[in-house]
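Working notes for the structure below.
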Amino acid sequence: MSKGLHRFALLVACATFFLIIAGALVTSHDAGLATNDWPLSNGQVFPKMVGNLFWEHGHRMVATTVGLLTIGLVIFLFAKEKRRWVRRLGLLALFGVIAQGLLGGLTVKLSLPLAVSTAHATLAQLFFCTTVSLAVFTSRSWMTDRPTLEERPGLPLRYICSAAVATIFLQLIIGATLRHSATWDKPLPTDLLLTHIGGAVAVTLILGSAALSVLRRHRGLPFLTWPAIVVLILLVVQLFLGLAAYLTRAASPNDPQPLNPMVGVTVAHVACGALVFATTIVLTLRVFKVLRPSEQSLEFSAATQRG
Amino acid sequence: MSMKQTKVWLTLMIALSLLGLASACSKTPEGGDSEPAATTTGKAFTAKGDEGTVTGTIAYNGTPPAPKKIDASADPVCGQRNPNLTTEDNAVKDGKLANAFVYIKDGATADGTKVTEYTFTAPSDTVNLDQSGCQYKPHVMGAMINQKLNITNSDPTQHNIHFTPKNNPDWNQSQPNGAPALTHSFARSEVLVPVKCNQHPWMKAYVGVLKHPFFAVSAEDGTFTIKGVPPGTYTVAAWKEGGATGTEKTMSVTVPASGSVKADFAFGEAATASSKPGLEMMPALVVPAPGHH
């Protein structure tokens with residue numbers, strides 16, 4: 001185990017989180033087309049960072065930094081990491097950040113079509129979860145040998161947590177589509193808004209069930225209870241941020257420009273959504289690591305496959 | 001975590017990402033509505049010398065919302081050039097409204113030919129749109145299909161000019177200070193094409209693009225004049241900025257030969273006239289884009 005490698009992976013994950021915030025700031029300021037040029041801005045590597053070009057070019061600079069850090073991480077992995085599948089995950093991250101950069105350029109060149117902008121925002125979350133996973137896999141807590149426990153009676157936590165990850169991911173896609181469907185001066189499409197609210201209910205139910213089940217079934221296992229507690233707190237914060245984002249965003253078409261309360265709250269909502277996703281992934285990975293299927297669930301699984 | 005479990009996890013991740021991308025790609029982009037195809041044939045309009053005029057005044061009843069102060073601190077040049085930047089969506093003075101776009105929306109000439117059935121030649125003179133003091137000048141303007149717009153930047157800072165039409169292609173160009181003028185034109189009619197600057201998000205303008213030249217923008221005193229209108233009975237529409245799509249009011253007028261007709265409109269509180277949201281909801285006169293059938 002390399003402590004340096006884990007720290008570097010953490011740095012990449014944190015930088016990626018900052019990049020998601022920078023990207024959300026671009027969307028909230030409607031700065032994505034502040035220049036029609038890409039990868040340069042107005043033909044310059046360092047243009048005058050005034051107006052909304054500050055947000056757009058700033059996002060590009062942070063993205064470039066994350067790209068370079070990811071290359072560094074892959075080199076580090078191939079130098080220090082013995083597990084082949086972790087090295088491959090590093091390569092997947094590199095592929096993801098390259099694809100993400102190209103999608104960013106494509107959306108600028110095509111004047112922000114909804115499909116491409118949404119794909120760009122979605123891939124950002126996937127890349128973030130990959131970097132978080134790399135930080136988890138290289139951590140001491142992951143490498144330490146731990147006894148595996150049998151799943152307690154009831155719906156297996158593996159299933160509930162996996163369902164939570166899938167639901168959050170779908171909710172992130174809906175949220176990204178909603179955000180890119182209308183700029184700050186236009187009302188949000190009602191159908192997408194209602195879908196996003198429905199998604200929030202689904203995430204609350206499934207993720208809440210996952211976290212509460214962990215706390216109830218494995219109270220003495222901090223390896224699982226800590227991410228469960230953190231994700232519950234983040235979920236509550238996220239729900240309040242969602243409500244605040246809706247209220248400020250609903251008022252913004254009457255504003256003369258994107259105002260700080262709307263920008264701040266909606267960006268915080270995006271950032272907290274990314275943290276909810278990342279923490280749920282940490283919880284799910286840990287559940288898969290320390291919980292083995294019970295005899296009962298294996299029999300149930302075999303019966304399902306037969307039937 | 002075993003190798004097998006990791007593979008399952010990675011497969012799940014990839015499957016989810018593909019699902020997400022497919023879902024995102026199935027959405028219709030904003031502004032995807034397109035004008036129905038139209039015929040390229042039409043009777044060429046020829047002035048007969050008996051054309052009349054539509055004149056009028058755009059009133060604003062009640063107290064208009066106060067202009068909102070704009071925070072231009074993100075670009076100090078804007079604050080220096082225009083220290084009192086405010087919104088321009090209610091340009092009311094002495095109860096009269098400026099920047100209303102007035103145009104002949106429908107109707108027929110005296111011989112029964114619909115105005116939509118005529119073809120018109122775009123004038124060779126250009127229409128100017130300047131970026132000055134981090135505002136567009138003029139704020140509302142009209143142009144004919146294929147008429148050249150001359151876009152200039154008088155500010156010592158960089159702008160980008162971004163047309164966001166529904167029926168025409170999106171067009172976005174950066175224009176740093178000192179850059180030469182840009183030109184653009186629209187192939188399809190559209191009332192009205194929003195213009196914005198993504199650098200300075202308060203900067204907005206509107207261009208009414210029409211097949212014919214029968215349009216005007218109300219002046220500071222609310223007056224407007226549409227000249228050269230052939231005798232006939234028409235629906236005249238007045239559009240005012242505000243809200244997501246603006247507001248439109250219409251009235252029917254009969255233009256006498258070599259005469260003039262009044263078409264006064266009123267917006268604001270207790271304003272009477274048929275009104276409805278404007279922009280994309282308004283059926284503009286249809287002409288085909290080159291290459292369309």
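The way I read the labels, and the way they are meant: chains A, B, ... in the order of the structure tokens, residue 1 as the first residue of every chain, and ligand 1 as the first ligand shown, with later ones counted on from there.
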Can you tell me which residues surround Gly273 in chain A at a distance of at most 9 Å, considering only C-alpha atoms, apart from same-chain residues fewer than 2 positions away, and format the answer as a short mmCIF file (atom, residue, chain, number, x, y, z; two decimals) with N, CA and C atoms, in the first residue's frame?
data_model
loop_
_atom_site.label_atom_id
_atom_site.label_comp_id
_atom_site.auth_asym_id
_atom_site.auth_seq_id
_atom_site.Cartn_x
_atom_site.Cartn_y
_atom_site.Cartn_z
N ILE A 168 -29.91 7.41 -7.72
CA ILE A 168 -29.25 8.72 -7.64
C ILE A 168 -28.68 9.10 -9.01
N LEU A 172 -29.52 12.36 -11.10
CA LEU A 172 -28.50 13.32 -11.56
C LEU A 172 -28.70 13.64 -13.04
N LEU A 234 -26.20 14.44 4.35
CA LEU A 234 -26.12 15.07 3.02
C LEU A 234 -27.48 15.05 2.32
N LEU A 235 -28.22 13.96 2.51
CA LEU A 235 -29.53 13.84 1.87
C LEU A 235 -30.49 14.91 2.39
N GLN A 238 -29.40 18.20 1.04
CA GLN A 238 -29.71 18.26 -0.38
C GLN A 238 -31.18 18.56 -0.64
N ALA A 268 -24.70 24.99 -5.09
CA ALA A 268 -24.58 24.16 -3.88
C ALA A 268 -25.42 22.89 -4.03
N HIS A 269 -26.57 23.00 -4.68
CA HIS A 269 -27.44 21.84 -4.91
C HIS A 269 -26.73 20.81 -5.81
N VAL A 270 -26.09 21.31 -6.86
CA VAL A 270 -25.34 20.42 -7.76
C VAL A 270 -24.19 19.75 -7.00
N ALA A 271 -23.46 20.57 -6.24
CA ALA A 271 -22.29 20.04 -5.52
C ALA A 271 -22.71 19.01 -4.47
N LEU A 275 -21.88 14.98 -3.93
CA LEU A 275 -21.40 14.39 -2.68
C LEU A 275 -22.30 13.23 -2.23
N VAL A 276 -23.60 13.40 -2.42
CA VAL A 276 -24.54 12.31 -2.08
C VAL A 276 -24.20 11.08 -2.92
N PHE A 277 -23.98 11.30 -4.21
CA PHE A 277 -23.64 10.20 -5.12
C PHE A 277 -22.33 9.53 -4.68
N ALA A 278 -21.32 10.35 -4.42
CA ALA A 278 -20.01 9.81 -4.05
C ALA A 278 -20.08 9.02 -2.73
#
Residue contacts of range 54-65 of chain B (10 Å, only C-alpha atoms) excluding same-chain residues fewer than 3 positions away, as a ChimeraX atom specification: /B:68,89-104,214-229,236,238,240,253-256,259-272
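We find CA of Glu117 in chain B and CA of Met144 in chain B to be spaced 15.5 Å apart.
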Residues flagged helix (DSSP H, G or I) by DSSP in range 34-250 of chain A, as a ChimeraX atom specification: /A:53-80,84-109,114-137,140-143,157-181,190-217,222-250
Contact set, chain A to chain B: 9 Å, only C-alpha atoms, as number ranges by chain: A: 29-37, 42, 48-54, 85, 89, 110-119, 122-123, 126, 166, 169-170, 173-174, 176-177, 181-182, 185-187, 253-258, 285-286, 288-290
Those of range 112-298 of chain A in DSSP strand (DSSP E or B), formatted as a ChimeraX atom specification: /A:149-150,291-292
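A straight line drawn from CA of Ala211 in chain A to CA of Val86 in chain A is 26.8 Å long.
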Who sits within 8 Å of Thr138 in chain A, only C-alpha atoms, same chain under 2 positions skipped, as a VMD selection string: chain A and resid 1 to 2 5 to 6 9 134 to 136 140 142 to 143
Pull C-alpha atoms from the residues just selected and write them as a PDB file, in the first residue's frame.
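Written output follows (out_36.pdb):
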ATOM      1  CA  MET A   1       0.000   0.000   0.000  1.00  0.00           C
ATOM      2  CA  SER A   2       1.281   3.466  -0.893  1.00  0.00           C
ATOM      3  CA  LEU A   5      -0.784   7.081  -3.988  1.00  0.00           C
ATOM      4  CA  HIS A   6      -3.901   7.280  -1.823  1.00  0.00           C
ATOM      5  CA  ALA A   9      -6.011   9.844  -5.573  1.00  0.00           C
ATOM      6  CA  LEU A 134      -9.908   5.058  -6.815  1.00  0.00           C
ATOM      7  CA  ALA A 135      -9.411   6.974  -3.586  1.00  0.00           C
ATOM      8  CA  VAL A 136     -11.423   4.282  -1.758  1.00  0.00           C
ATOM      9  CA  ARG A 140      -5.753   1.917   4.156  1.00  0.00           C
ATOM     10  CA  TRP A 142      -9.983  -0.676   2.162  1.00  0.00           C
ATOM     11  CA  MET A 143      -6.708  -2.627   2.136  1.00  0.00           C
TER      12      MET A 143
END
